[in-house]
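Trainee: Sharing query.txt below, compact mmCIF, C-alpha atoms:
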# COMPACT_ATOMS: atom_id res chain seq x y z
CA MET G 164 146.67 60.87 110.92
CA THR G 165 144.90 62.20 107.79
CA SER G 166 141.59 62.26 109.67
CA ASN G 167 143.10 64.23 112.54
CA SER G 168 144.69 66.66 110.08
CA GLY G 169 141.33 67.16 108.31
CA GLU G 170 139.56 67.77 111.61
CA SER G 171 142.23 70.27 112.60
CA ARG G 172 141.82 72.19 109.33
CA SER G 173 138.04 72.17 109.77
CA ILE G 174 138.33 73.56 113.31
CA GLN G 175 140.77 76.22 112.12
CA SER G 176 138.41 77.14 109.27
CA GLN G 177 135.44 77.44 111.65
CA SER G 178 137.52 79.49 114.06
CA SER G 179 138.61 81.79 111.23
CA ALA G 180 135.02 82.24 110.06
CA GLN G 181 133.87 83.02 113.60
CA GLN G 182 136.68 85.53 114.00
CA ARG G 183 135.73 87.16 110.70
CA ILE G 184 132.08 87.47 111.74
CA SER G 185 133.14 88.76 115.13
CA ASN G 186 135.26 91.43 113.44
CA LEU G 187 132.32 92.44 111.20
CA HIS G 188 130.03 92.87 114.21
CA GLY G 189 132.77 94.85 115.87
CA GLN G 190 133.00 97.15 112.84
CA ALA G 191 129.20 97.54 112.88
CA GLN G 192 129.14 98.47 116.56
CA HIS G 193 131.96 100.95 116.08
CA ALA G 194 130.26 102.57 113.05
CA ARG G 195 126.95 102.86 114.91
CA ARG G 196 128.42 104.92 117.73
CA GLY G 197 128.67 108.68 117.98
CA TRP G 198 126.99 111.45 116.00
CA ARG G 199 127.45 110.17 112.43
CA PRO G 200 124.42 107.82 112.33
CA TRP G 201 122.23 110.65 113.60
CA MET G 202 123.60 113.03 110.99
CA LEU G 203 122.88 110.54 108.19
CA PHE G 204 119.40 109.96 109.58
CA LEU G 205 118.73 113.70 109.69
CA VAL G 206 119.85 114.26 106.10
CA CYS G 207 117.81 111.38 104.75
CA SER G 208 114.73 112.21 106.82
CA LEU G 209 114.84 115.76 105.43
CA PHE G 210 113.61 114.24 102.16
CA TYR G 211 110.73 112.64 104.08
CA PHE G 212 109.93 116.06 105.59
CA TYR G 213 109.88 117.54 102.10
CA GLU G 214 107.77 114.88 100.43
CA PHE G 215 105.24 114.99 103.27
CA PHE G 216 104.85 118.74 102.75
CA ALA G 217 104.19 118.13 99.05
CA ARG G 218 101.84 115.27 99.87
CA VAL G 219 99.65 117.16 102.35
CA ALA G 220 99.62 120.60 100.71
CA PRO G 221 96.72 119.86 98.26
CA GLY G 222 94.40 119.18 101.21
CA VAL G 223 94.91 122.76 102.40
CA LEU G 224 94.92 124.22 98.88
CA GLN G 225 91.83 122.20 97.92
CA PRO G 226 89.37 125.13 97.61
CA GLU G 227 91.73 127.09 95.34
CA LEU G 228 92.71 124.06 93.28
CA MET G 229 89.07 123.01 92.80
CA ARG G 230 88.15 126.58 91.86
CA VAL G 231 90.84 127.03 89.19
CA THR G 232 90.27 123.55 87.72
CA GLY G 233 86.47 123.57 88.01
CA SER G 234 86.48 120.04 89.45
CA SER G 235 84.03 118.37 91.86
CA GLN G 236 85.06 116.74 95.15
CA GLY G 237 85.00 113.33 93.50
CA GLU G 238 87.11 114.45 90.51
CA PHE G 239 89.57 116.24 92.76
CA GLY G 240 89.82 113.19 95.04
CA LEU G 241 90.49 111.00 92.00
CA ALA G 242 93.28 113.32 90.80
CA MET G 243 94.84 113.41 94.27
CA GLY G 244 94.55 109.63 94.52
CA MET G 245 97.10 109.42 91.68
CA TYR G 246 99.74 109.97 94.35
CA PHE G 247 98.97 106.61 95.91
CA LEU G 248 98.45 104.95 92.51
CA ALA G 249 102.10 105.72 91.74
CA TYR G 250 103.40 105.34 95.30
CA ALA G 251 102.00 101.93 96.10
CA PRO G 252 103.03 99.85 93.03
CA SER G 253 106.53 101.36 93.16
CA GLN G 254 107.19 99.99 96.63
CA LEU G 255 108.43 96.51 95.73
CA LEU G 256 110.75 97.84 93.05
CA VAL G 257 112.05 100.49 95.48
CA GLY G 258 112.67 97.78 98.07
CA ARG G 259 114.69 95.72 95.61
CA LEU G 260 116.72 98.77 94.52
CA LEU G 261 117.53 99.63 98.14
CA ASP G 262 118.55 96.02 98.86
CA ARG G 263 120.81 95.97 95.78
CA PHE G 264 122.26 99.48 95.57
CA GLY G 265 121.83 101.15 98.96
CA VAL G 266 120.19 104.45 99.86
CA ARG G 267 122.09 107.25 98.12
CA ALA G 268 121.71 105.99 94.55
CA VAL G 269 117.93 105.71 94.98
CA VAL G 270 116.78 108.65 97.13
CA ALA G 271 118.61 111.53 95.40
CA PRO G 272 116.95 111.02 91.98
CA ALA G 273 113.61 110.47 93.72
CA ALA G 274 113.78 113.94 95.30
CA LEU G 275 114.13 115.45 91.81
CA VAL G 276 110.96 113.67 90.67
CA VAL G 277 108.97 115.08 93.61
CA ALA G 278 110.25 118.57 92.77
CA LEU G 279 109.07 118.20 89.17
CA GLY G 280 105.63 117.15 90.43
CA CYS G 281 105.47 120.34 92.53
CA LEU G 282 106.38 122.37 89.44
CA LEU G 283 103.48 120.86 87.49
CA PHE G 284 101.13 121.70 90.35
CA ALA G 285 102.27 125.31 90.41
CA SER G 286 101.92 125.86 86.67
CA THR G 287 98.50 124.49 85.65
CA ASN G 288 94.75 125.13 85.80
CA ASN G 289 93.86 121.66 84.51
CA VAL G 290 92.75 118.86 86.83
CA VAL G 291 94.33 116.22 84.55
CA VAL G 292 97.74 117.92 84.80
CA LEU G 293 97.22 118.14 88.56
CA GLY G 294 96.73 114.38 88.51
CA LEU G 295 99.96 113.97 86.50
CA GLY G 296 101.85 116.15 88.98
CA ARG G 297 100.39 114.13 91.81
CA LEU G 298 101.50 110.93 90.04
CA MET G 299 105.08 112.22 89.87
CA GLN G 300 104.99 113.26 93.52
CA GLY G 301 103.87 109.76 94.45
CA LEU G 302 106.53 108.11 92.30
CA GLY G 303 109.36 110.09 93.93
CA SER G 304 107.87 109.94 97.42
CA SER G 305 107.69 106.15 97.26
CA VAL G 306 111.40 106.12 98.14
CA ALA G 307 111.37 108.56 101.08
CA TYR G 308 110.02 106.54 104.02
CA LEU G 309 111.63 103.25 103.04
CA GLY G 310 114.92 105.01 102.36
CA VAL G 311 115.08 106.48 105.85
CA ILE G 312 114.02 103.22 107.54
CA TYR G 313 116.51 101.16 105.53
CA LEU G 314 119.35 103.59 106.27
CA ALA G 315 118.51 103.56 109.99
CA MET G 316 118.40 99.75 110.10
CA ILE G 317 121.99 99.78 108.81
CA TRP G 318 123.45 102.57 110.91
CA PHE G 319 121.49 102.21 114.19
CA PRO G 320 121.85 99.27 116.63
CA PRO G 321 118.89 96.85 116.90
CA LYS G 322 117.99 98.14 120.35
CA ARG G 323 116.92 101.42 118.70
CA HIS G 324 115.00 99.93 115.76
CA GLY G 325 111.61 100.19 117.47
CA MET G 326 112.00 103.95 117.86
CA VAL G 327 113.26 104.61 114.31
CA PRO G 328 109.89 104.66 112.47
CA GLY G 329 108.49 107.07 115.05
CA LEU G 330 111.45 109.43 114.69
CA THR G 331 111.08 109.25 110.92
CA VAL G 332 107.41 110.09 111.09
CA ALA G 333 108.22 112.98 113.42
CA MET G 334 110.15 114.54 110.54
CA GLY G 335 107.23 113.89 108.22
CA THR G 336 104.91 115.45 110.79
CA LEU G 337 106.93 118.65 110.72
CA GLY G 338 106.51 118.70 106.95
CA ALA G 339 102.78 118.05 107.28
CA SER G 340 102.51 120.79 109.90
CA PHE G 341 104.17 123.32 107.58
CA ALA G 342 101.71 122.24 104.89
CA GLN G 343 98.71 123.01 107.10
CA TYR G 344 98.17 126.32 108.89
CA PRO G 345 101.48 128.00 107.88
CA LEU G 346 100.80 127.19 104.21
CA LEU G 347 97.30 128.60 104.57
CA ILE G 348 98.73 131.90 105.87
CA LEU G 349 101.31 132.06 103.06
CA THR G 350 98.63 131.33 100.47
CA LYS G 351 96.48 134.20 101.70
CA SER G 352 99.46 136.56 101.42
CA TRP G 353 101.13 135.38 98.20
CA GLY G 354 98.61 133.13 96.46
CA TRP G 355 98.86 129.36 96.13
CA ARG G 356 101.37 129.15 93.26
CA ILE G 357 104.35 130.88 94.89
CA PRO G 358 104.66 128.41 97.83
CA LEU G 359 104.62 125.50 95.37
CA LEU G 360 107.36 127.11 93.27
CA VAL G 361 109.45 127.55 96.42
CA CYS G 362 108.75 123.87 97.16
CA THR G 363 110.17 123.00 93.72
CA GLY G 364 113.43 124.83 94.47
CA ALA G 365 113.69 123.19 97.88
CA GLY G 366 113.42 119.77 96.24
CA LEU G 367 116.40 120.51 93.99
CA ILE G 368 118.52 121.55 96.98
CA ILE G 369 117.54 118.46 99.00
CA ALA G 370 118.39 116.16 96.08
CA LEU G 371 121.88 117.67 95.90
CA MET G 372 122.36 117.29 99.68
CA LEU G 373 121.33 113.63 99.55
CA TRP G 374 123.84 112.89 96.80
CA LYS G 375 126.71 114.77 98.43
CA LEU G 376 126.27 113.82 102.10
CA LEU G 377 125.00 110.24 102.15
CA PRO G 378 127.71 107.54 101.87
CA LYS G 379 127.62 104.38 99.84
CA ARG G 380 126.46 101.28 101.71
CA PRO G 381 129.32 100.19 104.05
CA ASN G 382 131.25 97.02 103.21
CA TRP G 383 130.73 95.60 106.70
CA PHE G 384 126.96 95.60 106.15
CA VAL G 385 127.31 93.86 102.79
CA GLU G 386 129.36 91.16 104.52
CA LEU G 387 126.72 90.83 107.25
CA MET G 388 124.18 90.32 104.47
CA ARG G 389 126.25 87.30 103.42
CA GLU G 390 125.89 86.00 106.99
CA ASP G 391 122.12 85.93 106.34
CA GLY G 392 122.62 83.92 103.15
CA PHE G 393 123.07 86.68 100.58
CA ASP G 394 124.95 85.73 97.43
CA PRO G 395 125.77 88.82 95.31
CA LYS G 396 126.56 86.63 92.32
CA SER G 397 123.18 84.91 92.45
CA PRO G 398 120.59 87.06 94.28
CA GLN G 399 117.10 85.66 94.75
CA PRO G 400 114.92 86.78 91.80
CA LEU G 401 112.39 89.43 92.74
CA ALA G 402 109.49 87.34 91.40
CA SER G 403 110.55 84.41 93.60
CA LEU G 404 110.83 86.66 96.63
CA ILE G 405 107.40 88.18 95.99
CA LYS G 406 105.88 84.69 95.74
CA GLU G 407 107.49 83.84 99.07
CA ILE G 408 106.02 86.98 100.63
CA MET G 409 102.60 86.38 99.11
CA ARG G 410 102.45 82.96 100.78
CA ASP G 411 103.23 84.48 104.19
CA ARG G 412 99.89 84.72 106.04
CA ASN G 413 101.37 86.77 108.87
CA ILE G 414 102.76 89.52 106.66
CA TRP G 415 99.35 89.82 104.99
CA CYS G 416 97.57 90.22 108.33
CA LEU G 417 100.20 92.69 109.47
CA SER G 418 100.03 94.73 106.27
CA LEU G 419 96.23 94.92 106.10
CA ALA G 420 95.94 95.79 109.79
CA ALA G 421 98.53 98.54 109.36
CA ALA G 422 96.73 99.88 106.27
CA GLY G 423 93.43 100.26 108.11
CA LEU G 424 95.08 101.76 111.17
CA TYR G 425 96.81 104.35 108.96
CA LEU G 426 93.60 105.70 107.38
CA PRO G 427 93.29 108.66 109.81
CA ILE G 428 96.59 109.86 108.34
CA SER G 429 96.33 108.83 104.68
CA VAL G 430 92.70 109.89 104.19
CA ILE G 431 91.66 112.29 106.96
CA GLY G 432 94.99 114.01 107.63
CA ASP G 433 96.27 114.02 104.05
CA LEU G 434 93.16 115.20 102.23
CA TRP G 435 89.70 115.33 103.77
CA GLY G 436 90.31 116.42 107.38
CA VAL G 437 89.99 120.17 106.78
CA THR G 438 86.82 119.76 104.70
CA PHE G 439 85.29 117.28 107.16
CA LEU G 440 85.80 119.47 110.23
CA HIS G 441 84.67 122.61 108.36
CA ILE G 442 81.38 120.99 107.29
CA HIS G 443 80.79 118.50 110.12
CA SER G 444 81.70 120.78 113.05
CA GLY G 445 81.08 124.20 111.49
CA LEU G 446 84.66 125.37 112.17
CA SER G 447 86.51 127.88 110.01
CA THR G 448 88.97 126.60 107.44
CA GLY G 449 91.87 127.96 109.52
CA LEU G 450 90.76 126.20 112.71
CA SER G 451 90.00 123.00 110.78
CA SER G 452 93.51 123.07 109.31
CA LEU G 453 95.03 123.64 112.74
CA LEU G 454 93.07 120.75 114.28
CA THR G 455 94.01 118.44 111.41
CA THR G 456 97.67 119.19 112.13
CA LEU G 457 97.14 117.75 115.62
CA ILE G 458 96.59 114.30 114.10
CA PHE G 459 100.09 114.37 112.62
CA ILE G 460 101.66 115.67 115.82
CA GLY G 461 99.93 112.95 117.83
CA PHE G 462 100.92 110.30 115.27
CA ALA G 463 104.61 111.21 115.55
CA ALA G 464 104.54 111.30 119.36
CA GLY G 465 102.62 108.03 119.51
CA GLY G 466 105.01 106.34 117.10
CA ILE G 467 108.09 107.35 119.10
CA ALA G 468 106.47 106.39 122.42
CA THR G 469 105.17 102.97 121.34
CA GLY G 470 108.39 102.17 119.48
CA HIS G 471 110.56 103.04 122.47
CA LEU G 472 108.26 101.17 124.85
CA SER G 473 108.28 98.09 122.61
CA ASP G 474 112.11 98.16 122.65
CA ARG G 475 112.09 98.35 126.44
CA LEU G 476 109.42 95.67 126.92
CA LYS G 477 110.75 93.54 124.04
CA ARG G 478 107.13 93.05 123.00
CA ARG G 479 105.40 94.53 119.96
CA LYS G 480 101.98 92.94 119.40
CA ILE G 481 100.22 94.05 122.60
CA LEU G 482 101.00 97.70 121.83
CA PHE G 483 99.93 97.28 118.21
CA ILE G 484 96.55 95.84 119.23
CA THR G 485 95.96 98.40 121.95
CA GLY G 486 96.55 101.27 119.52
CA ALA G 487 94.18 99.76 116.96
CA ILE G 488 91.35 99.38 119.48
CA LEU G 489 91.73 102.84 120.99
CA SER G 490 92.04 104.64 117.64
CA SER G 491 88.86 103.00 116.34
CA VAL G 492 86.90 104.05 119.42
CA ILE G 493 88.21 107.61 119.20
CA ALA G 494 87.30 107.80 115.50
CA VAL G 495 83.70 106.97 116.45
CA ALA G 496 83.76 109.62 119.19
CA ILE G 497 84.81 112.27 116.65
CA ALA G 498 81.85 111.34 114.44
CA LEU G 499 79.45 111.74 117.37
CA THR G 500 80.74 115.11 118.61
CA ASN G 501 79.94 117.50 115.77
CA SER G 502 78.76 120.17 118.25
CA ALA G 503 81.46 119.53 120.88
CA PRO G 504 83.52 122.37 122.40
CA LEU G 505 86.64 123.26 120.50
CA TRP G 506 88.93 121.96 123.26
CA LEU G 507 87.26 118.53 123.18
CA THR G 508 87.55 118.26 119.41
CA ALA G 509 91.23 119.19 119.69
CA MET G 510 91.80 116.54 122.38
CA LEU G 511 90.09 113.89 120.27
CA MET G 512 92.13 114.76 117.18
CA ILE G 513 95.46 114.55 118.98
CA ALA G 514 94.34 111.34 120.75
CA LEU G 515 93.46 109.84 117.36
CA GLY G 516 96.99 110.57 116.18
CA LEU G 517 98.59 109.24 119.37
CA THR G 518 96.82 105.90 119.22
CA THR G 519 97.29 105.56 115.46
CA GLY G 520 101.05 105.89 116.06
CA SER G 521 101.17 102.22 117.05
CA GLN G 522 100.72 101.48 113.32
CA LEU G 523 104.46 102.00 112.88
CA LEU G 524 105.14 98.82 114.84
CA ALA G 525 104.07 96.90 111.72
CA PHE G 526 107.35 97.93 110.08
CA VAL G 527 109.34 97.13 113.21
CA MET G 528 107.81 93.65 113.47
CA THR G 529 108.61 93.04 109.80
CA ALA G 530 112.24 94.15 110.22
CA ASP G 531 112.65 92.05 113.38
CA VAL G 532 112.39 88.78 111.45
CA ALA G 533 113.46 89.71 107.90
CA LYS G 534 116.92 88.80 106.60
CA ARG G 535 119.27 91.70 105.91
CA HIS G 536 119.35 91.15 102.14
CA ASN G 537 115.56 91.16 101.65
CA ARG G 538 114.53 93.40 104.53
CA ALA G 539 113.79 96.37 102.28
CA VAL G 540 111.54 94.33 99.97
CA LYS G 541 109.50 93.00 102.89
CA LEU G 542 109.20 96.47 104.40
CA ALA G 543 108.20 97.66 100.93
CA PHE G 544 105.43 95.08 100.72
CA VAL G 545 103.95 96.28 104.02
CA ASN G 546 104.18 99.87 102.85
CA PHE G 547 102.66 98.90 99.50
CA VAL G 548 99.53 97.54 101.16
CA VAL G 549 99.36 100.51 103.53
CA MET G 550 99.56 103.01 100.69
CA VAL G 551 97.47 101.22 98.06
CA LEU G 552 94.33 101.39 100.20
CA PRO G 553 94.04 105.22 99.95
CA VAL G 554 94.09 104.91 96.14
CA PHE G 555 90.52 103.67 96.51
CA ILE G 556 89.47 105.21 99.81
CA GLN G 557 90.43 108.85 99.11
CA PRO G 558 88.11 109.18 96.08
CA ALA G 559 85.51 106.90 97.70
CA VAL G 560 85.20 109.28 100.66
CA GLY G 561 84.72 112.20 98.26
CA PHE G 562 82.13 110.39 96.15
CA LEU G 563 80.18 109.18 99.20
CA ALA G 564 80.05 112.71 100.60
CA GLN G 565 78.81 113.96 97.22
CA VAL G 566 75.97 111.42 96.86
CA GLY G 567 72.71 113.31 96.32
CA VAL G 568 74.49 116.68 96.12
CA ALA G 569 74.77 118.83 93.01
CA LYS G 570 78.32 119.35 91.77
CA SER G 571 78.30 123.04 92.65
CA LEU G 572 76.86 122.59 96.17
CA VAL G 573 78.55 121.78 99.48
CA PRO G 574 77.56 118.50 101.21
CA SER G 575 75.58 118.70 104.46
CA PRO G 576 77.15 117.47 107.75
CA GLY G 577 75.21 114.21 107.44
CA GLN G 578 76.40 113.62 103.89
CA GLU G 579 79.99 114.45 104.84
CA LEU G 580 79.69 111.85 107.59
CA GLN G 581 78.91 109.18 104.97
CA GLY G 582 82.45 109.40 103.64
CA TYR G 583 84.01 109.55 107.10
CA GLY G 584 81.99 106.49 108.14
CA LEU G 585 83.81 104.39 105.54
CA VAL G 586 87.12 105.17 107.28
CA VAL G 587 85.71 104.16 110.67
CA VAL G 588 84.39 100.81 109.38
CA LEU G 589 87.74 99.93 107.84
CA MET G 590 89.54 100.85 111.06
CA PHE G 591 87.43 98.34 113.00
CA ILE G 592 88.22 95.65 110.42
CA SER G 593 91.94 96.38 110.82
CA THR G 594 91.56 96.03 114.60
CA GLY G 595 90.26 92.51 114.09
CA LEU G 596 93.21 91.67 111.83
CA SER G 597 95.69 93.00 114.40
CA LEU G 598 94.67 90.16 116.72
CA CYS G 599 95.95 87.63 114.16
CA VAL G 600 99.55 88.84 113.78
CA LYS G 601 102.52 87.08 115.38
CA ASP G 602 104.49 88.84 118.09
CA THR G 603 108.20 89.58 117.57
CA LYS G 604 111.15 90.75 119.64
CA PRO G 605 114.08 93.06 118.81
CA ARG G 606 116.81 91.31 116.81
CA LYS G 607 119.64 90.07 119.02
CA GLU G 608 122.96 91.84 118.60
CA LYS G 609 126.29 90.08 119.03
CA PHE G 610 128.29 92.15 121.45
CA VAL G 611 131.95 92.03 120.58
CA MET G 612 134.86 94.39 120.94
CA ALA G 613 135.81 96.28 117.79
CA HIS G 614 139.49 96.03 116.78
Translate this structure into structure tokens?
Mentor:
Amino acid sequence: MTSNSGESRSIQSQSSAQQRISNLHGQAQHARRGWRPWMLFLVCSLFYFYEFFARVAPGVLQPELMRVTGSSQGEFGLAMGMYFLAYAPSQLLVGRLLDRFGVRAVVAPAALVVALGCLLFASTNNVVVLGLGRLMQGLGSSVAYLGVIYLAMIWFPPKRHGMVPGLTVAMGTLGASFAQYPLLILTKSWGWRIPLLVCTGAGLIIALMLWKLLPKRPNWFVELMREDGFDPKSPQPLASLIKEIMRDRNIWCLSLAAAGLYLPISVIGDLWGVTFLHIHSGLSTGLSSLLTTLIFIGFAAGGIATGHLSDRLKRRKILFITGAILSSVIAVAIALTNSAPLWLTAMLMIALGLTTGSQLLAFVMTADVAKRHNRAVKLAFVNFVVMVLPVFIQPAVGFLAQVGVAKSLVPSPGQELQGYGLVVVLMFISTGLSLCVKDTKPRKEKFVMAH
């Protein structure tokens, strides 16, 4: 009799737990419907738009900044590399903060830090202070991309997760586009300091919007984190989690492949694209800036397309590999077409961005298999590796282009190609690594009726 009573209580307990989980999934499905998730995504991605503007602007303002600071290409590249020196190491801490405290408490203060970095840029003639401003921009910007992705993984259903990174990058692309040709026009009219001061004010406004409009992390998601094994009273120590990640061969292959595939954006698009096209192809600074913008436009379109297609096909790896191979081949074609017609150069630049867009699947594949309570840290590790590489490659490209050239002279097309060649070699290495990653599928969603 006692045994039957115990079994009955056990069955009732299991039934109650299943009902509770079913109700949580119902709440999640209800919350993810309608316009609100898209509104939250838009508000949060506005910060990514802003930080991308601040990140790319020095590439366009490079001649003026080098003139007022009296720096060489190598010195300027080193100062600009401070962005990634701050951005990359911050990633794991940012991931832990997002996992513990949610989006709003982390992204709003970060926007203020980016704004302060812009203020330093606008108010100095010293390359060291430029480096400090760049450091602050990188520190604040380290939150932007992860913050949007993490928010979207909470508020969007799994069937849309593949498309989320591409949509996020599309917002960043708009910021990068405004920091290319439009910024060049504004600089010619008002000088380079005024746009950066306006950028400072915009950062303050965005920080206030983030704090006022983003909600705290919903209780239903916290409870779903428990379903994955999360214990708020005894969370896994960050050091232990990092050790676990460091022993994961697949996440290393995925991260390194993504880092190499991202170099056309982080090195060419962010900093050296305008200079490379101006010297290598003999184009004006305005045209070079316009063509560099095409990389970002292609990257956003490629990210959305490959993400959506991977959701439909329920396959990620084949698209990731295909993008890596094609982008490497196109990068070589750009190096070999220094006297090509303008239309062909434009087609190659946008094709480079389109194929590089598959890089975003690295984050999707990571999120597919990560648990809810450590998803941000694992995404942060991938982003850390992606963003730490430019810390070394940005100045390396500048120094290689400057080899054998006096500080006051402009490199020849052949010398400029030396720096670009480093990017191409690393892209081919990343293509090889992409073959080693494990394929994933979109996370299954439990379809239940919300009550």
Trainee: Report, in Å to a single decimal, how far apart atom CA of G:Pro427 and atom CA of G:Leu524 are.
Mentor: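 Taking atom CA of G:Leu524 and atom CA of G:Pro427, their separation equals 16.2 Å.
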Trainee: Please, what distance in Å, to one decimal, runs between atom CA of G:Ser473 and atom CA of G:Asp262?
Mentor: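 Computed distance, atom CA of G:Ser473 to atom CA of G:Asp262, equals 26.0 Å.
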Trainee: As an exercise, work out the distance from atom CA of G:Ile493 to atom CA of G:Ile428 in Å and give it to one decimal place.
Mentor: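 Distance between the two atoms: 13.9 Å.
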Trainee: In terms of the shortest atom-to-atom distance over all atoms listed in the file, which of G:Ala422, G:Ile348, G:Cys599, G:Ile442 is closest to G:Pro574?
Mentor: G:Ile442
Trainee: If we count only C-alpha atoms, what is near G:Ala339 at a cut-off of 8 Å, once residues fewer than 4 positions away on the same chain are taken out, given as a PDB file with C-alpha atoms, in the frame of the given file?
Mentor:
ATOM      1  CA  PHE G 212     109.930 116.060 105.590  1.00  0.00           C
ATOM      2  CA  PHE G 215     105.240 114.990 103.270  1.00  0.00           C
ATOM      3  CA  PHE G 216     104.850 118.740 102.750  1.00  0.00           C
ATOM      4  CA  ARG G 218     101.840 115.270  99.870  1.00  0.00           C
ATOM      5  CA  VAL G 219      99.650 117.160 102.350  1.00  0.00           C
ATOM      6  CA  ALA G 220      99.620 120.600 100.710  1.00  0.00           C
ATOM      7  CA  GLY G 335     107.230 113.890 108.220  1.00  0.00           C
ATOM      8  CA  GLN G 343      98.710 123.010 107.100  1.00  0.00           C
ATOM      9  CA  THR G 456      97.670 119.190 112.130  1.00  0.00           C
ATOM     10  CA  PHE G 459     100.090 114.370 112.620  1.00  0.00           C
TER      11      PHE G 459
END
Trainee: In terms of the shortest atom-to-atom distance over only C-alpha atoms, which of G:Pro504, G:Gly595, G:Gly432, G:Pro381 is closest to G:Cys416?
Mentor: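 Comparing G:Pro504, G:Gly595, G:Gly432, G:Pro381 against G:Cys416, the winner is G:Gly595.
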Trainee: Using all atoms listed in the file, which residue out of G:Gly197, G:Pro576, G:Gly465, G:Gly280 lies closest to G:Leu446?
Mentor: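 Ranked by minimum distance to G:Leu446, first place goes to G:Pro576.
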Trainee: Would you list the contacts of G:Leu517 as number ranges by chain, taking every protein, DNA or RNA residue within 10 Å and counting only C-alpha atoms, but skipping same-chain residues closer than 5 positions in sequence?
Mentor: G: 457-469, 486, 489-490, 511-512
Trainee: Neighbours of G:Ser208 within 10 Å (only C-alpha atoms; same-chain residues fewer than 2 positions away dropped), as a list of chain:residue names?
Mentor: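 These residues fall inside the cut-off: G:Met202, G:Leu203, G:Phe204, G:Leu205, G:Val206, G:Phe210, G:Tyr211, G:Phe212, G:Tyr213, G:Glu214, G:Ala307, G:Tyr308, G:Gly310, G:Val311, G:Ile312, G:Leu314, G:Ala315, G:Leu330, G:Thr331, G:Val332, G:Ala333, G:Met334, G:Gly335, G:Leu373.
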Trainee: For stretch 293-295 of chain G, work out the shell of residues within 12 Å, counting only C-alpha atoms and skipping chain neighbours fewer than 3 positions away, then give it as a tab-separated table (two decimals) with C-alpha atoms, in the coordinates of the input.
Mentor:
chain	number	residue	atom	x	y	z
G	221	PRO	CA	96.72	119.86	98.26
G	225	GLN	CA	91.83	122.20	97.92
G	228	LEU	CA	92.71	124.06	93.28
G	229	MET	CA	89.07	123.01	92.80
G	231	VAL	CA	90.84	127.03	89.19
G	232	THR	CA	90.27	123.55	87.72
G	234	SER	CA	86.48	120.04	89.45
G	238	GLU	CA	87.11	114.45	90.51
G	239	PHE	CA	89.57	116.24	92.76
G	240	GLY	CA	89.82	113.19	95.04
G	241	LEU	CA	90.49	111.00	92.00
G	242	ALA	CA	93.28	113.32	90.80
G	243	MET	CA	94.84	113.41	94.27
G	244	GLY	CA	94.55	109.63	94.52
G	245	MET	CA	97.10	109.42	91.68
G	246	TYR	CA	99.74	109.97	94.35
G	247	PHE	CA	98.97	106.61	95.91
G	248	LEU	CA	98.45	104.95	92.51
G	249	ALA	CA	102.10	105.72	91.74
G	276	VAL	CA	110.96	113.67	90.67
G	277	VAL	CA	108.97	115.08	93.61
G	279	LEU	CA	109.07	118.20	89.17
G	280	GLY	CA	105.63	117.15	90.43
G	281	CYS	CA	105.47	120.34	92.53
G	282	LEU	CA	106.38	122.37	89.44
G	283	LEU	CA	103.48	120.86	87.49
G	284	PHE	CA	101.13	121.70	90.35
G	285	ALA	CA	102.27	125.31	90.41
G	286	SER	CA	101.92	125.86	86.67
G	287	THR	CA	98.50	124.49	85.65
G	288	ASN	CA	94.75	125.13	85.80
G	289	ASN	CA	93.86	121.66	84.51
G	290	VAL	CA	92.75	118.86	86.83
G	298	LEU	CA	101.50	110.93	90.04
G	299	MET	CA	105.08	112.22	89.87
G	300	GLN	CA	104.99	113.26	93.52
G	301	GLY	CA	103.87	109.76	94.45
G	302	LEU	CA	106.53	108.11	92.30
Trainee: Give me the residues within 12 Å of G:Val495 as an mmCIF file with C-alpha atoms, in the frame of the given file, counting only C-alpha atoms and dropping any in the same chain fewer than 6 places off.
Mentor:
data_model
loop_
_atom_site.group_PDB
_atom_site.id
_atom_site.type_symbol
_atom_site.label_atom_id
_atom_site.label_comp_id
_atom_site.auth_asym_id
_atom_site.auth_seq_id
_atom_site.Cartn_x
_atom_site.Cartn_y
_atom_site.Cartn_z
ATOM 1 C CA PRO G 427 93.290 108.660 109.810
ATOM 2 C CA ILE G 488 91.350 99.380 119.480
ATOM 3 C CA LEU G 489 91.730 102.840 120.990
ATOM 4 C CA ASN G 501 79.940 117.500 115.770
ATOM 5 C CA LEU G 511 90.090 113.890 120.270
ATOM 6 C CA MET G 512 92.130 114.760 117.180
ATOM 7 C CA LEU G 515 93.460 109.840 117.360
ATOM 8 C CA LEU G 580 79.690 111.850 107.590
ATOM 9 C CA TYR G 583 84.010 109.550 107.100
ATOM 10 C CA GLY G 584 81.990 106.490 108.140
ATOM 11 C CA LEU G 585 83.810 104.390 105.540
ATOM 12 C CA VAL G 586 87.120 105.170 107.280
ATOM 13 C CA VAL G 587 85.710 104.160 110.670
ATOM 14 C CA VAL G 588 84.390 100.810 109.380
ATOM 15 C CA LEU G 589 87.740 99.930 107.840
ATOM 16 C CA MET G 590 89.540 100.850 111.060
ATOM 17 C CA PHE G 591 87.430 98.340 113.000
#
Trainee: For stretch 249-264 of chain G, I'd like the enclosing box, axis-aligned and padded by 3 Å on every side, reported as lines of an AutoDock Vina configuration file with centre and edge lengths in Å to one decimal.
Mentor:
center_x = 112.1
center_y = 100.7
center_z = 95.3
size_x = 26.3
size_y = 16.0
size_z = 13.1
Trainee: Pick the closest to G:Cys207 from G:Ala496, G:Ala271, G:Ile405, G:Ala342: which is it, counting all atoms listed in the file?
Mentor: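 Smallest separation from G:Cys207 among the options: G:Ala271.
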